[in-house]
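What follows is a short report on a single structure.
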Amino acid sequence: MGVEAYDLTEAAKRSGLSIDELAQLVELGILTPDAGQRFTPRHLRRAGLVKNLTEAGIPLEGLGAAIRGGQVSLDFLEAPAFERFSALGGETFAEAAERTGVPVELLLFIREAAGSVSPLPDDRVRDAELAVIAMYHLQQTRAWTADIIEVLVMMLAAAGLHTRVDHPPAMCFLDITGFTRLTQEYGDAAAARLAEQLGPIVQRTSVRYGGRPVKWLGDGVMVYFPNPGLGVTAALEMVVSVAEAGLPPAHVGLHAGPLIFQEGDYYGQTVNIASRIADYAQAGEVIVSQAVVDASAGAAVTFREVGPVELKGVAGAMRLHAASRRG
């Protein structure tokens with residue numbers, strides 16, 4: 001496949017310059033079009049940088065003379081890293097909003113959030129900004145999928161065509177109490193050492209009980225357990241091991257329910273609720289939802305109800321329980 005190329009009119013639009021301005025860059029020797037007077041993305045990168053240079057007060061004629069004389073070169077833009085200097089795309093923000101269904105106000109904010117002047121709806125979208133639109137749709141798809149799964153499960157159960165599994169998977173969040181204060185008082189190096197000590201404890205214990213660490217967070221870790229009862233047992237053991245290692249106390253939250261798995265990570269309401277339960281747990285506590293209790297029959301643990309609790313971002317009060325080892 002050949003390199004994409006544009007005529008003068010289209011290249012001017014994609015570089016954010018007028019036709020006369022782009023033609024002037026050619027006349028000054030700053031840009032040298034390919035055969036057939038065609039402009040490629042590398043030309044557009046140069047044009048975009050030159051526009052920024054002139055807006056910063058560098059005289060265009062002087063820049064052209066320096067380039068022709070060999071005192072200045074823009075050849076460094078040929079390096080692969082500078083492909084991130086994205087050109088303008090083929091559609092405006094208003095057109096992209098209509099095509100994708102993303103509100104135009106949100107699209108305009110993408111450029112503003114990156115530190116640039118807020119564009120107008122008729123300004124063109126940069127190629128790199130299209131990736132942000134794709135991420136928006138990816139997150140939207142994940143949220144919709146989680147909702148669809150939950151609704152369909154309820155509908156099938158109501159019709160007598162489906163019974164929720166006795167052991168839905170569980171998501172566990174283990175956090176270190178006072179991690180932020182530790183970082184502020186002793187610096188990032190201390191936080192890194194803590195993470196190095198915590199990692200083997202979580203990895204070893206979770207795997208022993210059939211779990212798998214999914215991702216490491218700033219102050220803890222998110223762990224997936226196919227069996228909630230074993231997940232509670234593992235969480236209790238991890239809390240003890242963290243204390244025995246001389247680390248700041250850990251606190252844990254677990255919730256069981258349907259999960260969305262995509263690209264090595266888990267998403268959905270179950271994950272969000274587990275995280276909120278962990279926020280509620282105090283130092284040394286393992287707090288679980290009623291769903292975890294219901295799915296933990298036979299586990300070597302006991303539960304003490306702590307009452308209905310209002311969790312931030314969760315509709316309605318949830319029945320939560322403090323877990324402990326049996327005997």
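In the structure tokens, chains take the letters A, B, ... in the order shown, each chain's residues start at 1, and ligands count up from 1 in the order shown.
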Any idea what's packed within 7 Å of Pro121 in chain A, counting only C-alpha atoms, ignoring anything in its chain fewer than 4 positions away? Could you give it as a compact mmCIF listing (two decimals) with N, CA and C atoms, in the first residue's frame?
```txt
# COMPACT_ATOMS: atom_id res chain seq x y z
N THR A 92 -14.62 17.42 10.22
CA THR A 92 -14.68 18.40 11.28
C THR A 92 -15.21 17.76 12.56
N PHE A 93 -15.11 18.51 13.66
CA PHE A 93 -15.65 18.01 14.92
C PHE A 93 -17.15 17.77 14.81
N ALA A 94 -17.85 18.68 14.12
CA ALA A 94 -19.29 18.51 13.96
C ALA A 94 -19.60 17.26 13.15
```
Quick one: residues within 10 Å of Gly246 in chain A, only C-alpha atoms counted, chain neighbours fewer than 5 positions away excluded, as a PyMOL selection string? chain A and resi 194+197+241
Can I get the selection written as a CSV table (one decimal), in the first residue's frame, with N, CA and C atoms?
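again18.csv, freshly written:
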```
chain,number,residue,atom,x,y,z
A,194,LEU,N,7.5,-0.9,49.4
A,194,LEU,CA,6.3,-1.6,49.9
A,194,LEU,C,5.6,-2.5,48.9
A,197,GLN,N,7.4,-5.7,48.4
A,197,GLN,CA,7.2,-6.7,49.4
A,197,GLN,C,5.8,-7.3,49.3
A,241,SER,N,-0.6,-12.1,56.5
A,241,SER,CA,0.8,-12.2,55.9
A,241,SER,C,1.3,-10.8,55.8
```
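Minimum atom-to-atom distance to Val221 in chain A, evaluated using only C-alpha atoms, belongs to A:Asp175 out of A:Glu305, A:Glu237, A:Glu95, A:Asp175.
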Given only C-alpha atoms as the counted atoms, nearest of A:Ala278, A:Ala190, A:Leu44, A:Ala96 to Ala134 in chain A: A:Ala96
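Using only C-alpha atoms for every distance, the candidate list A:Met171, A:Thr205, A:Ile287, A:Leu217 yields A:Met171 as the residue closest to His255 in chain A.
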Per DSSP on the backbone, what are the helix (DSSP H, G or I) residues of range 165-283 of chain A, as a PyMOL selection string? chain A and resi 179-186+188-208+228-244+269-280
Quick check, in Å to one decimal: how far apart do CA of Ala322 in chain A and CA of Arg304 in chain A lie? 5.1 Å
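The interatomic distance for the pair CA of His251 in chain A and CA of Gly313 in chain A works out to 19.5 Å.
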Could you give me the residues within range 195-326 of chain A that DSSP places in strand (DSSP E or B), as JSON, numbers by chain? {"A": [212, 213, 214, 215, 216, 220, 221, 222, 223, 224, 225, 250, 251, 252, 253, 254, 255, 256, 260, 261, 262, 265, 266, 267, 286, 287, 288, 289, 301, 302, 303, 304, 305, 306, 307, 308, 309, 310, 317, 318, 319, 320, 321, 322, 323, 324, 325]}
Nearby residues (only C-alpha atoms) at most 12 Å from range 46-56 of chain A, same-chain spacing under 6 positions excluded, as an MDAnalysis selection string: chainID A and resid 11:19 21:26 28:33 39:40 62:64 67 73:78 82:88 116 126
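Distance check against Ala291 in chain A using only C-alpha atoms: of A:Arg99, A:His321, A:Arg212, A:Arg276, the minimum falls on A:His321.
You will find CA of Ser289 in chain A at 7.9 Å from CA of Ile277 in chain A.
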